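Engineer: Hey, dropping coords20.tsv in here, TSV, C-alpha atoms and all ligand atoms:
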chain	number	residue	atom	x	y	z
A	114	MET	CA	0.00	0.00	0.00
A	115	ARG	CA	1.37	3.45	-0.93
A	116	ILE	CA	0.30	6.23	1.42
A	117	LEU	CA	0.79	10.00	1.27
A	118	ILE	CA	0.33	11.96	4.51
A	119	THR	CA	0.43	15.76	4.41
A	120	GLY	CA	0.91	17.82	7.57
A	121	GLY	CA	3.46	15.21	8.61
A	122	LEU	CA	5.13	17.47	11.18
A	123	GLY	CA	1.82	18.30	12.83
A	124	GLN	CA	0.09	16.64	15.77
A	125	LEU	CA	-2.06	14.26	13.78
A	126	GLY	CA	0.53	13.61	11.06
A	127	ASN	CA	2.95	12.39	13.72
A	128	GLU	CA	0.40	10.07	15.32
A	129	LEU	CA	-0.58	8.62	11.94
A	130	SER	CA	3.03	7.80	11.12
A	131	ARG	CA	3.61	6.45	14.63
A	132	CYS	CA	0.58	4.14	14.36
A	133	ILE	CA	1.55	2.85	10.93
A	134	SER	CA	5.19	2.27	11.86
A	135	THR	CA	4.32	0.45	15.10
A	136	GLY	CA	1.20	-1.34	13.81
A	137	ARG	CA	-0.92	-0.08	16.67
A	138	ALA	CA	-2.57	2.83	18.37
A	139	GLU	CA	-3.18	3.22	22.08
A	140	ILE	CA	-6.72	1.88	21.72
A	141	GLY	CA	-5.78	-1.13	19.65
A	142	PRO	CA	-3.99	-2.60	16.66
A	143	ILE	CA	-4.49	-0.98	13.27
A	144	PRO	CA	-5.59	-3.13	10.31
A	145	ALA	CA	-3.01	-5.63	9.04
A	146	SER	CA	-3.23	-4.15	5.55
A	147	TYR	CA	-0.91	-1.33	6.71
A	148	ALA	CA	1.86	-3.76	7.74
A	149	ASP	CA	4.15	-3.21	4.75
A	150	ALA	CA	2.86	0.20	3.76
A	151	ASP	CA	5.17	2.52	1.89
A	152	VAL	CA	4.46	5.82	3.69
A	153	THR	CA	5.49	9.26	2.48
A	154	CYS	CA	4.96	11.80	5.22
A	155	ILE	CA	5.47	15.38	4.09
A	156	ASP	CA	5.01	18.91	5.36
A	157	TYR	CA	5.20	22.48	4.11
A	158	HIS	CA	8.91	22.47	3.28
A	159	GLU	CA	8.44	19.55	0.87
A	160	LEU	CA	5.11	20.55	-0.64
A	161	ASP	CA	3.07	23.70	-0.14
A	162	ILE	CA	-0.35	22.16	-0.64
A	163	SER	CA	-1.82	25.54	-1.60
A	164	ASP	CA	0.41	25.60	-4.72
A	165	GLU	CA	-1.84	23.95	-7.28
A	166	ALA	CA	0.88	23.32	-9.86
A	167	ALA	CA	3.18	21.84	-7.22
A	168	VAL	CA	0.45	19.48	-6.00
A	169	ASP	CA	-0.29	18.33	-9.55
A	170	ALA	CA	3.44	17.79	-10.16
A	171	TRP	CA	3.77	15.85	-6.88
A	172	PHE	CA	1.12	13.35	-7.91
A	173	LYS	CA	2.60	13.10	-11.40
A	174	ASN	CA	6.16	12.57	-10.13
A	175	TYR	CA	5.59	10.48	-7.00
A	176	GLY	CA	2.14	8.88	-7.42
A	177	PRO	CA	0.15	6.77	-7.68
A	178	TYR	CA	-1.03	6.29	-4.10
A	179	ASP	CA	-3.63	4.00	-2.58
A	180	LEU	CA	-4.41	6.41	0.24
A	181	VAL	CA	-3.92	10.14	0.71
A	182	VAL	CA	-4.48	11.63	4.19
A	183	ASN	CA	-4.54	15.39	4.46
A	184	SER	CA	-3.69	16.45	7.98
A	185	ALA	CA	-2.17	19.76	6.87
A	186	ALA	CA	-4.08	22.91	7.75
A	187	ILE	CA	-3.85	26.40	9.14
A	188	THR	CA	-5.05	25.58	12.66
A	189	ASN	CA	-4.44	28.92	14.38
A	190	VAL	CA	-8.08	29.91	14.95
A	191	ASP	CA	-7.30	33.53	15.91
A	192	GLY	CA	-4.73	33.82	13.09
A	193	CYS	CA	-7.37	32.80	10.51
A	194	GLU	CA	-9.45	35.80	11.60
A	195	LYS	CA	-6.62	38.12	10.50
A	196	ASP	CA	-6.02	36.42	7.13
A	197	GLU	CA	-9.10	34.53	6.06
A	198	GLU	CA	-8.02	34.56	2.42
A	199	GLY	CA	-4.68	32.96	3.24
A	200	ALA	CA	-6.38	30.39	5.47
A	201	HIS	CA	-8.87	29.64	2.71
A	202	ARG	CA	-6.06	28.84	0.29
A	203	VAL	CA	-4.79	26.08	2.61
A	204	ASN	CA	-7.93	24.92	4.41
A	205	ALA	CA	-10.18	24.88	1.34
A	206	ASP	CA	-8.58	25.44	-2.11
A	207	ALA	CA	-5.62	23.17	-1.37
A	208	VAL	CA	-7.94	20.42	-0.20
A	209	GLY	CA	-9.53	20.43	-3.64
A	210	TYR	CA	-6.11	20.07	-5.30
A	211	LEU	CA	-5.21	17.09	-3.11
A	212	ALA	CA	-8.63	15.48	-3.52
A	213	ARG	CA	-8.33	15.82	-7.29
A	214	GLY	CA	-4.86	14.25	-7.17
A	215	ALA	CA	-6.24	11.33	-5.17
A	216	GLU	CA	-9.16	10.91	-7.54
A	217	GLY	CA	-6.82	10.95	-10.54
A	218	CYS	CA	-4.63	8.12	-9.27
A	219	GLY	CA	-7.44	5.98	-7.85
A	220	ALA	CA	-6.57	6.66	-4.20
A	221	LYS	CA	-8.90	6.97	-1.23
A	222	PHE	CA	-8.83	10.44	0.32
A	223	VAL	CA	-9.10	11.31	4.01
A	224	HIS	CA	-9.57	14.89	5.13
A	225	ILE	CA	-9.91	16.27	8.66
A	226	SER	CA	-12.40	18.94	9.63
A	227	THR	CA	-13.63	20.52	12.82
A	228	ASP	CA	-16.46	21.06	15.29
A	229	TYR	CA	-16.07	24.78	14.52
A	230	VAL	CA	-18.21	24.29	11.37
A	231	PHE	CA	-21.16	24.49	13.81
A	232	PRO	CA	-22.49	27.70	15.38
A	233	GLY	CA	-22.74	26.01	18.78
A	234	THR	CA	-26.03	27.58	19.76
A	235	ASP	CA	-27.94	24.40	20.75
A	236	PRO	CA	-26.72	22.48	23.80
A	237	VAL	CA	-27.17	19.09	22.11
A	238	PRO	CA	-24.35	16.99	20.59
A	239	ARG	CA	-24.25	17.54	16.83
A	240	THR	CA	-24.54	14.66	14.36
A	241	GLU	CA	-23.28	14.52	10.80
A	242	ASP	CA	-26.78	15.42	9.52
A	243	ASP	CA	-27.05	18.65	11.50
A	244	GLN	CA	-27.01	22.07	9.91
A	245	THR	CA	-23.60	23.78	9.88
A	246	GLY	CA	-23.07	27.52	10.34
A	247	PRO	CA	-19.53	28.54	11.29
A	248	ILE	CA	-19.03	31.73	13.30
A	249	SER	CA	-15.26	32.08	12.73
A	250	ALA	CA	-12.98	32.45	9.72
A	251	TYR	CA	-11.33	29.11	10.61
A	252	GLY	CA	-14.73	27.39	10.66
A	253	ARG	CA	-15.76	28.92	7.34
A	254	THR	CA	-12.53	27.87	5.61
A	255	LYS	CA	-12.76	24.34	7.03
A	256	LEU	CA	-16.39	23.98	5.92
A	257	ASP	CA	-15.38	25.03	2.40
A	258	GLY	CA	-12.61	22.42	2.59
A	259	GLU	CA	-15.20	19.71	3.26
A	260	LYS	CA	-17.09	20.80	0.15
A	261	GLU	CA	-13.90	20.75	-1.95
A	262	THR	CA	-13.18	17.25	-0.74
A	263	PHE	CA	-16.52	15.78	-1.73
A	264	ALA	CA	-16.59	17.73	-5.02
A	265	ASN	CA	-13.22	16.40	-6.15
A	266	CYS	CA	-12.86	12.84	-4.91
A	267	SER	CA	-15.44	10.07	-5.04
A	268	ARG	CA	-13.57	7.95	-2.46
A	269	THR	CA	-13.64	10.49	0.37
A	270	PHE	CA	-13.76	10.28	4.14
A	271	VAL	CA	-14.11	13.54	6.06
A	272	LEU	CA	-13.64	13.28	9.83
A	273	ARG	CA	-14.64	16.22	12.01
A	274	THR	CA	-12.69	16.29	15.24
A	275	ALA	CA	-12.19	18.78	18.09
A	276	TRP	CA	-9.82	20.12	20.76
A	277	LEU	CA	-7.02	17.92	19.45
A	278	TYR	CA	-3.79	17.11	21.31
A	279	GLY	CA	-0.93	14.93	20.12
A	280	TYR	CA	2.49	14.03	21.50
A	281	VAL	CA	4.40	16.15	18.99
A	282	GLY	CA	3.67	19.84	18.49
A	283	LYS	CA	1.93	22.54	20.48
A	284	ASN	CA	-1.45	22.08	22.10
A	285	PHE	CA	-3.65	23.18	24.98
A	286	VAL	CA	-2.61	20.30	27.26
A	287	LYS	CA	1.11	21.05	26.95
A	288	THR	CA	0.48	24.77	27.44
A	289	MET	CA	-1.48	24.14	30.63
A	290	VAL	CA	1.05	21.63	31.99
A	291	GLY	CA	3.75	24.27	31.38
A	292	LEU	CA	1.74	27.07	32.99
A	293	GLY	CA	0.95	24.77	35.90
A	294	THR	CA	4.63	24.65	36.84
A	295	LYS	CA	5.01	28.46	36.75
A	296	LEU	CA	1.74	29.88	38.05
A	297	ASP	CA	-0.45	29.35	41.08
A	298	HIS	CA	-3.61	29.91	39.02
A	299	VAL	CA	-4.80	30.11	35.43
A	300	THR	CA	-7.99	31.76	34.18
A	301	VAL	CA	-9.93	29.66	31.66
A	302	VAL	CA	-13.35	29.99	30.01
A	303	ASP	CA	-16.04	27.70	31.37
A	304	ASP	CA	-18.91	28.48	28.98
A	305	GLN	CA	-17.49	26.83	25.84
A	306	LEU	CA	-18.18	23.10	25.81
A	307	GLY	CA	-16.74	20.45	23.53
A	308	ASN	CA	-14.79	17.18	23.29
A	309	PRO	CA	-11.05	17.05	24.04
A	310	THR	CA	-9.61	14.48	21.62
A	311	SER	CA	-6.40	12.48	21.51
A	312	ALA	CA	-4.70	12.61	18.09
A	313	ASN	CA	-3.56	9.01	18.62
A	314	ASP	CA	-7.18	7.85	19.05
A	315	LEU	CA	-8.21	9.85	15.99
A	316	ALA	CA	-5.37	8.27	13.97
A	317	TYR	CA	-6.69	4.83	14.96
A	318	GLU	CA	-10.19	5.60	13.63
A	319	ILE	CA	-8.81	7.21	10.46
A	320	LEU	CA	-6.77	4.12	9.65
A	321	ALA	CA	-9.66	1.78	10.49
A	322	LEU	CA	-12.09	3.73	8.30
A	323	ALA	CA	-9.66	4.12	5.41
A	324	ASP	CA	-9.37	0.33	5.31
A	325	THR	CA	-13.06	0.22	4.29
A	326	GLU	CA	-15.20	1.72	1.58
A	327	TYR	CA	-17.66	3.41	3.93
A	328	TYR	CA	-17.01	6.80	2.36
A	329	GLY	CA	-18.67	9.89	3.78
A	330	LEU	CA	-18.75	12.38	6.61
A	331	TYR	CA	-17.86	11.34	10.19
A	332	HIS	CA	-17.69	12.91	13.60
A	333	CYS	CA	-14.73	11.55	15.54
A	334	THR	CA	-13.97	12.87	19.02
A	335	ASN	CA	-13.29	11.28	22.38
A	336	GLU	CA	-16.47	10.61	24.33
A	337	GLY	CA	-17.86	13.08	26.84
A	338	THR	CA	-18.36	16.82	26.93
A	339	CYS	CA	-16.64	19.38	29.14
A	340	SER	CA	-15.67	23.03	29.26
A	341	TRP	CA	-12.13	24.32	28.74
A	342	ALA	CA	-12.04	25.01	32.48
A	343	ASP	CA	-13.10	21.41	33.31
A	344	PHE	CA	-10.46	20.16	30.87
A	345	THR	CA	-7.82	22.34	32.52
A	346	GLU	CA	-8.70	21.06	35.98
A	347	ALA	CA	-8.29	17.48	34.75
A	348	ILE	CA	-4.93	18.38	33.18
A	349	MET	CA	-3.62	20.03	36.36
A	350	GLU	CA	-4.77	17.10	38.47
A	351	GLY	CA	-3.47	14.45	36.05
A	352	ALA	CA	-0.10	16.18	35.69
A	353	ASP	CA	0.10	16.75	39.44
A	354	ARG	CA	0.33	20.54	39.13
A	355	ASP	CA	-0.61	22.68	42.12
A	356	CYS	CA	-2.37	25.34	40.09
A	357	ALA	CA	-5.93	26.58	40.63
A	358	VAL	CA	-8.34	27.04	37.73
A	359	VAL	CA	-10.24	30.32	37.86
A	360	ARG	CA	-13.34	30.16	35.68
A	361	CYS	CA	-14.31	33.05	33.43
A	362	SER	CA	-16.90	33.65	30.72
A	363	SER	CA	-16.20	33.97	26.99
A	364	ALA	CA	-17.36	37.59	27.24
A	365	GLU	CA	-14.76	38.32	29.92
A	366	TYR	CA	-12.06	36.57	27.86
A	367	LYS	CA	-13.05	38.57	24.77
A	368	GLU	CA	-12.87	41.81	26.71
A	369	ASN	CA	-9.23	41.07	27.51
A	370	ASN	CA	-8.49	39.60	24.05
A	371	PRO	CA	-10.56	41.65	21.59
A	372	GLN	CA	-8.77	40.22	18.52
A	373	SER	CA	-9.67	36.63	19.38
A	374	ALA	CA	-12.07	34.69	17.14
A	375	ASP	CA	-15.57	33.85	18.32
A	376	ARG	CA	-15.88	30.19	19.23
A	377	PRO	CA	-19.00	28.03	19.47
A	378	ALA	CA	-20.51	27.92	22.97
A	379	TYR	CA	-21.46	24.27	22.57
A	380	SER	CA	-19.72	22.23	19.89
A	381	SER	CA	-19.91	18.70	21.24
A	382	LEU	CA	-20.06	16.08	18.47
A	383	GLU	CA	-21.77	12.70	18.44
A	384	ASN	CA	-19.84	9.93	16.62
A	385	ARG	CA	-23.02	8.60	15.09
A	386	HIS	CA	-21.78	7.59	11.65
A	387	LEU	CA	-18.78	5.79	13.15
A	388	ALA	CA	-21.11	3.81	15.43
A	389	GLN	CA	-23.29	2.92	12.43
A	390	THR	CA	-20.38	1.68	10.30
A	391	ILE	CA	-17.11	0.36	11.76
A	392	GLY	CA	-18.11	0.95	15.40
A	393	ASN	CA	-17.18	3.80	17.70
A	394	LYS	CA	-13.99	2.91	19.61
A	395	MET	CA	-13.32	6.43	20.89
A	396	ARG	CA	-12.66	6.43	24.66
A	397	PRO	CA	-13.97	8.83	27.29
A	398	TRP	CA	-11.81	11.96	27.10
A	399	GLN	CA	-10.62	11.52	30.71
A	400	GLU	CA	-9.15	8.09	29.88
A	401	ALA	CA	-7.40	9.36	26.76
A	402	LEU	CA	-5.97	12.33	28.68
A	403	SER	CA	-4.68	10.09	31.44
A	404	THR	CA	-2.81	7.86	28.94
A	405	TYR	CA	-1.46	10.96	27.22
A	406	LEU	CA	-0.12	12.51	30.42
A	407	ALA	CA	1.54	9.21	31.38
A	408	ASN	CA	3.19	8.77	27.96
A	409	MET	CA	4.01	12.37	27.12
A	410	PRO	CA	7.54	12.55	28.59
A	411	ALA	CA	8.63	9.55	26.50
A	412	LEU	CA	6.75	10.31	23.30
A	413	ALA	CA	6.87	14.08	23.00
A	414	LYS	CA	9.56	13.59	20.40
A	415	ASN	CA	8.64	11.09	17.72
A	416	PRO	CA	11.83	9.05	17.14
A	417	SER	CA	11.08	8.79	13.44
A	418	TRP	CA	11.54	12.56	13.17
A	419	ASP	CA	14.85	12.62	15.08
A	420	ASP	CA	16.95	13.85	12.23
A	421	LEU	CA	14.42	16.17	10.77
A	422	THR	CA	14.65	19.87	11.39
A	423	GLN	CA	12.03	22.16	10.01
A	424	PRO	CA	13.63	24.74	7.72
A	425	ALA	CA	12.47	28.35	7.89
A	426	LYS	CA	9.76	29.18	5.35
B	1	LIG	N1	-5.72	21.21	16.60
B	1	LIG	C1	-7.03	21.14	16.89
B	1	LIG	O1	-7.47	21.41	18.01
B	1	LIG	C2	-8.00	20.71	15.83
B	1	LIG	C3	-9.35	20.69	16.13
B	1	LIG	C4	-10.26	20.29	15.14
B	1	LIG	C5	-9.79	19.91	13.90
B	1	LIG	N2	-8.47	19.95	13.63
B	1	LIG	C6	-8.01	19.58	12.29
B	1	LIG	O2	-7.23	18.42	12.40
B	1	LIG	C7	-6.20	18.42	11.39
B	1	LIG	C8	-4.86	18.16	12.04
B	1	LIG	O3	-4.63	19.18	13.00
B	1	LIG	P1	-3.26	19.28	13.81
B	1	LIG	O4	-3.60	19.83	15.15
B	1	LIG	O5	-2.50	18.02	13.67
B	1	LIG	O6	-2.54	20.43	12.98
B	1	LIG	P2	-1.06	21.00	13.18
B	1	LIG	O7	-0.37	20.35	14.30
B	1	LIG	O8	-1.20	22.49	13.17
B	1	LIG	O9	-0.36	20.52	11.84
B	1	LIG	C9	-0.73	21.01	10.60
B	1	LIG	C10	0.50	20.96	9.72
B	1	LIG	O10	0.13	21.46	8.43
B	1	LIG	C11	1.23	22.26	7.97
B	1	LIG	N3	0.82	23.20	6.94
B	1	LIG	C12	0.24	24.43	7.10
B	1	LIG	N4	0.11	25.02	5.90
B	1	LIG	C13	0.61	24.17	4.97
B	1	LIG	C14	0.77	24.25	3.56
B	1	LIG	N5	0.39	25.31	2.86
B	1	LIG	N6	1.32	23.18	2.92
B	1	LIG	C15	1.73	22.10	3.61
B	1	LIG	N7	1.63	21.97	4.96
B	1	LIG	C16	1.07	23.02	5.62
B	1	LIG	C17	1.67	22.98	9.24
B	1	LIG	O11	2.92	23.53	9.07
B	1	LIG	P3	3.29	24.86	9.94
B	1	LIG	O12	3.23	24.45	11.37
B	1	LIG	O13	4.65	25.19	9.45
B	1	LIG	O14	2.25	25.89	9.60
B	1	LIG	C18	1.64	21.84	10.25
B	1	LIG	O15	2.84	21.09	10.26
B	1	LIG	C19	-6.34	19.76	10.68
B	1	LIG	O16	-7.10	19.59	9.51
B	1	LIG	C20	-7.12	20.61	11.65
B	1	LIG	O17	-7.87	21.62	11.01
B	1	LIG	C21	-7.56	20.32	14.57
I'd like the structure from this file rewritten - as structure tokens, please.
Structural biologist:
Amino acid sequence: MRILITGGLGQLGNELSRCISTGRAEIGPIPASYADADVTCIDYHELDISDEAAVDAWFKNYGPYDLVVNSAAITNVDGCEKDEEGAHRVNADAVGYLARGAEGCGAKFVHISTDYVFPGTDPVPRTEDDQTGPISAYGRTKLDGEKETFANCSRTFVLRTAWLYGYVGKNFVKTMVGLGTKLDHVTVVDDQLGNPTSANDLAYEILALADTEYYGLYHCTNEGTCSWADFTEAIMEGADRDCAVVRCSSAEYKENNPQSADRPAYSSLENRHLAQTIGNKMRPWQEALSTYLANMPALAKNPSWDDLTQPAK
């Protein structure tokens, strides 16, 4: 099997390559069909996915592939607010180029989207059939990316995930663990609710789904809903940090950070389509976090990337 993974230096890209190279994820073994896979894991410095000609040339020169997984994206939610056009080029237009490349060589295509495609106004977990309505630039560009995916590749899986943390790269968990060693308290919003999700668990479901032909749209988050403040308390406790969590509202946060993007108040997802097809193996978020905190010191640097330094853009 020949596999192309974009966003290889990112959180999810690293967990995908870790799972394929070790044959397993934390929640179980991955399908045997990946055992001898020839995996090409690339990032920005090898291919700017928003360069249409470069993407076409990549498929022409290095294809064909059996599976293409796009985990590249502009994920800085506040940054997207400042340059929506630039974010759109990567989160939407580029997705179309990759999907077209996959379609052209007969590959399956996996793309990752977000809970931020929803407005978050109803306090009920969203299913794949629910009406979208993003309230941020990031959400709008990601929703357009979903459309590009389905428009350009007939063998498409789109997985919407949320509040992602992986062993490699920056994320909320690492930030809070770091702050917990320096501060006696942190102030965190408690009126935005969602699903913290382990990138390793997501990688497991991606690889399980991509081994099938159940194409379509999926929600894929760890089970259970909490606020960022609840999540922070669990992080501080799990990492044994003596740091209090002071709860604030989104309105208070916005007052102090006027440039920040609006985020959905309630963006919990239900993994309904997963449950109806291959089965929903996603763990409760507390369990996934506990494994993550235990493994983080050993895995924060993926050994397969040891010799790789990221050149300046
Ligand atoms: N992180 C979350 O909380 C979250 C939540 C919901 C959904 N998602 C989605 O899940 C997927 C994986 O997220 P992640 O957290 O693993 O992302 P990540 O860690 O930010 O990794 C994304 C990678 O894509 C690269 N990239 C950006 N622009 C590129 C371009 N033009 N060409 C090639 N590569 C480019 C980035 O490089 P640079 O670092 O150099 O920019 C980075 O290495 C994304 O689709 C994201 O939208 C993430």
Engineer: Using all atoms listed in the file, what table do you get, as JSON lines, when you list each residue of chain A with an atom no more than 9 Å from ligand LIG 1 (chain B), its nearest pair of atoms, and their distance in Å rounded to one decimal, rows by chain then rising number?
Structural biologist:
{"residue": "A:Thr119", "atom": "CA", "partner": "B:LIG1", "partner_atom": "N7", "distance": 6.3}
{"residue": "A:Gly120", "atom": "CA", "partner": "B:LIG1", "partner_atom": "O10", "distance": 3.8}
{"residue": "A:Gly121", "atom": "CA", "partner": "B:LIG1", "partner_atom": "O15", "distance": 6.1}
{"residue": "A:Leu122", "atom": "CA", "partner": "B:LIG1", "partner_atom": "O15", "distance": 4.4}
{"residue": "A:Gly123", "atom": "CA", "partner": "B:LIG1", "partner_atom": "O9", "distance": 3.3}
{"residue": "A:Gln124", "atom": "CA", "partner": "B:LIG1", "partner_atom": "O5", "distance": 3.6}
{"residue": "A:Leu125", "atom": "CA", "partner": "B:LIG1", "partner_atom": "O5", "distance": 3.8}
{"residue": "A:Gly126", "atom": "CA", "partner": "B:LIG1", "partner_atom": "O5", "distance": 6.0}
{"residue": "A:Asn127", "atom": "CA", "partner": "B:LIG1", "partner_atom": "O5", "distance": 7.8}
{"residue": "A:Glu128", "atom": "CA", "partner": "B:LIG1", "partner_atom": "O5", "distance": 8.6}
{"residue": "A:Ile155", "atom": "CA", "partner": "B:LIG1", "partner_atom": "N7", "distance": 7.7}
{"residue": "A:Asp156", "atom": "CA", "partner": "B:LIG1", "partner_atom": "N7", "distance": 4.6}
{"residue": "A:Tyr157", "atom": "CA", "partner": "B:LIG1", "partner_atom": "C15", "distance": 3.5}
{"residue": "A:His158", "atom": "CA", "partner": "B:LIG1", "partner_atom": "C15", "distance": 7.2}
{"residue": "A:Glu159", "atom": "CA", "partner": "B:LIG1", "partner_atom": "C15", "distance": 7.7}
{"residue": "A:Leu160", "atom": "CA", "partner": "B:LIG1", "partner_atom": "C15", "distance": 5.6}
{"residue": "A:Asp161", "atom": "CA", "partner": "B:LIG1", "partner_atom": "N6", "distance": 3.6}
{"residue": "A:Ile162", "atom": "CA", "partner": "B:LIG1", "partner_atom": "N6", "distance": 4.1}
{"residue": "A:Ser163", "atom": "CA", "partner": "B:LIG1", "partner_atom": "N5", "distance": 5.0}
{"residue": "A:Asp164", "atom": "CA", "partner": "B:LIG1", "partner_atom": "N5", "distance": 7.6}
{"residue": "A:Asn183", "atom": "CA", "partner": "B:LIG1", "partner_atom": "O16", "distance": 7.0}
{"residue": "A:Ser184", "atom": "CA", "partner": "B:LIG1", "partner_atom": "C8", "distance": 4.6}
{"residue": "A:Ala185", "atom": "CA", "partner": "B:LIG1", "partner_atom": "O10", "distance": 3.3}
{"residue": "A:Ala186", "atom": "CA", "partner": "B:LIG1", "partner_atom": "O10", "distance": 4.5}
{"residue": "A:Ile187", "atom": "CA", "partner": "B:LIG1", "partner_atom": "C12", "distance": 5.0}
{"residue": "A:Thr188", "atom": "CA", "partner": "B:LIG1", "partner_atom": "O8", "distance": 5.0}
{"residue": "A:Asn189", "atom": "CA", "partner": "B:LIG1", "partner_atom": "O8", "distance": 7.3}
{"residue": "A:Ala200", "atom": "CA", "partner": "B:LIG1", "partner_atom": "N4", "distance": 8.4}
{"residue": "A:Arg202", "atom": "CA", "partner": "B:LIG1", "partner_atom": "N5", "distance": 7.8}
{"residue": "A:Val203", "atom": "CA", "partner": "B:LIG1", "partner_atom": "N5", "distance": 5.2}
{"residue": "A:Asn204", "atom": "CA", "partner": "B:LIG1", "partner_atom": "O17", "distance": 7.4}
{"residue": "A:Ala207", "atom": "CA", "partner": "B:LIG1", "partner_atom": "N5", "distance": 7.7}
{"residue": "A:His224", "atom": "CA", "partner": "B:LIG1", "partner_atom": "O16", "distance": 6.9}
{"residue": "A:Ile225", "atom": "CA", "partner": "B:LIG1", "partner_atom": "O16", "distance": 4.4}
{"residue": "A:Ser226", "atom": "CA", "partner": "B:LIG1", "partner_atom": "C5", "distance": 5.1}
{"residue": "A:Thr227", "atom": "CA", "partner": "B:LIG1", "partner_atom": "C5", "distance": 4.0}
{"residue": "A:Asp228", "atom": "CA", "partner": "B:LIG1", "partner_atom": "C4", "distance": 6.2}
{"residue": "A:Tyr229", "atom": "CA", "partner": "B:LIG1", "partner_atom": "C4", "distance": 7.4}
{"residue": "A:Tyr251", "atom": "CA", "partner": "B:LIG1", "partner_atom": "O17", "distance": 8.3}
{"residue": "A:Gly252", "atom": "CA", "partner": "B:LIG1", "partner_atom": "O17", "distance": 9.0}
{"residue": "A:Lys255", "atom": "CA", "partner": "B:LIG1", "partner_atom": "O17", "distance": 6.9}
{"residue": "A:Leu272", "atom": "CA", "partner": "B:LIG1", "partner_atom": "O2", "distance": 8.6}
{"residue": "A:Arg273", "atom": "CA", "partner": "B:LIG1", "partner_atom": "C5", "distance": 6.4}
{"residue": "A:Thr274", "atom": "CA", "partner": "B:LIG1", "partner_atom": "C4", "distance": 4.7}
{"residue": "A:Ala275", "atom": "CA", "partner": "B:LIG1", "partner_atom": "C4", "distance": 3.8}
{"residue": "A:Trp276", "atom": "CA", "partner": "B:LIG1", "partner_atom": "O1", "distance": 3.8}
{"residue": "A:Leu277", "atom": "CA", "partner": "B:LIG1", "partner_atom": "O1", "distance": 3.8}
{"residue": "A:Tyr278", "atom": "CA", "partner": "B:LIG1", "partner_atom": "N1", "distance": 6.5}
{"residue": "A:Gly279", "atom": "CA", "partner": "B:LIG1", "partner_atom": "O5", "distance": 7.3}
{"residue": "A:Val281", "atom": "CA", "partner": "B:LIG1", "partner_atom": "O7", "distance": 7.9}
{"residue": "A:Gly282", "atom": "CA", "partner": "B:LIG1", "partner_atom": "O7", "distance": 5.8}
{"residue": "A:Lys283", "atom": "CA", "partner": "B:LIG1", "partner_atom": "O7", "distance": 6.9}
{"residue": "A:Asn284", "atom": "CA", "partner": "B:LIG1", "partner_atom": "N1", "distance": 7.0}
{"residue": "A:Phe285", "atom": "CA", "partner": "B:LIG1", "partner_atom": "O1", "distance": 8.1}
{"residue": "A:Pro309", "atom": "CA", "partner": "B:LIG1", "partner_atom": "O1", "distance": 8.3}
{"residue": "A:Thr310", "atom": "CA", "partner": "B:LIG1", "partner_atom": "O1", "distance": 8.1}
{"residue": "A:Ala312", "atom": "CA", "partner": "B:LIG1", "partner_atom": "O5", "distance": 7.3}
{"residue": "A:Gln423", "atom": "CA", "partner": "B:LIG1", "partner_atom": "O13", "distance": 8.0}
{"residue": "A:Ala425", "atom": "CA", "partner": "B:LIG1", "partner_atom": "O13", "distance": 8.6}
{"residue": "A:Lys426", "atom": "CA", "partner": "B:LIG1", "partner_atom": "O13", "distance": 7.7}
Engineer: Work out how far apart CA of Pro232 (chain A) and CA of Thr245 (chain A) are and give it in Å to one decimal.
Structural biologist: 6.8 Å
Engineer: Find, counting all atoms listed in the file, the residue in A:Arg253, A:Phe270, A:Glu139, A:His298 that gets nearest to Cys356 (chain A).
Structural biologist: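 So, comparing all the options, the nearest one is A:His298.
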Engineer: Suppose you want the space between CA of Phe263 (chain A) and CA of Trp398 (chain A); what is it in Å?
Structural biologist: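 Going from CA of Phe263 (chain A) over to CA of Trp398 (chain A) covers 29.5 Å.
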Engineer: Quick one: residues within 7 Å of region 131-136 of chain A, all atoms listed in the file counted, chain neighbours fewer than 4 positions away excluded, as a count of residues only?
Structural biologist: 5
Engineer: Name the residues in contact with Gly307 (chain A) at a cut-off of 6 Å, using all atoms listed in the file, excluding same-chain residues fewer than 6 positions from it; report them as a list of chain:residue names.
Structural biologist: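 Result of the neighbour search: A:Thr338, A:Cys339, A:Ser380, A:Ser381.
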Engineer: Find the spatial neighbours of Arg360 (chain A), counting all atoms listed in the file, within a cut-off of 9 Å - ignore same-chain residues fewer than 4 positions away - and output them as a ChimeraX atom specification.
Structural biologist: /A:299-304,342
Engineer: Deliver the residues from the most recent selection as a file, using C-alpha atoms, as a short mmCIF file (atom, residue, chain, number, x, y, z; two decimals), keeping the file's coordinate frame.
Structural biologist:
data_model
loop_
_atom_site.label_atom_id
_atom_site.label_comp_id
_atom_site.auth_asym_id
_atom_site.auth_seq_id
_atom_site.Cartn_x
_atom_site.Cartn_y
_atom_site.Cartn_z
CA VAL A 299 -4.80 30.11 35.43
CA THR A 300 -7.99 31.76 34.18
CA VAL A 301 -9.93 29.66 31.66
CA VAL A 302 -13.35 29.99 30.01
CA ASP A 303 -16.04 27.70 31.37
CA ASP A 304 -18.91 28.48 28.98
CA ALA A 342 -12.04 25.01 32.48
#
Engineer: To one decimal place in Å, what is the distance between CA of Ile391 (chain A) and CA of Ala323 (chain A)?
Structural biologist: 10.5 Å
Engineer: Kindly indicate which residue among A:Leu306, A:Leu322, A:Leu402, A:Cys333 lies nearest to Glu350 (chain A), using only C-alpha atoms for the distances.
Structural biologist: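 Once distances to Glu350 (chain A) are computed over only C-alpha atoms, the minimum belongs to A:Leu402.
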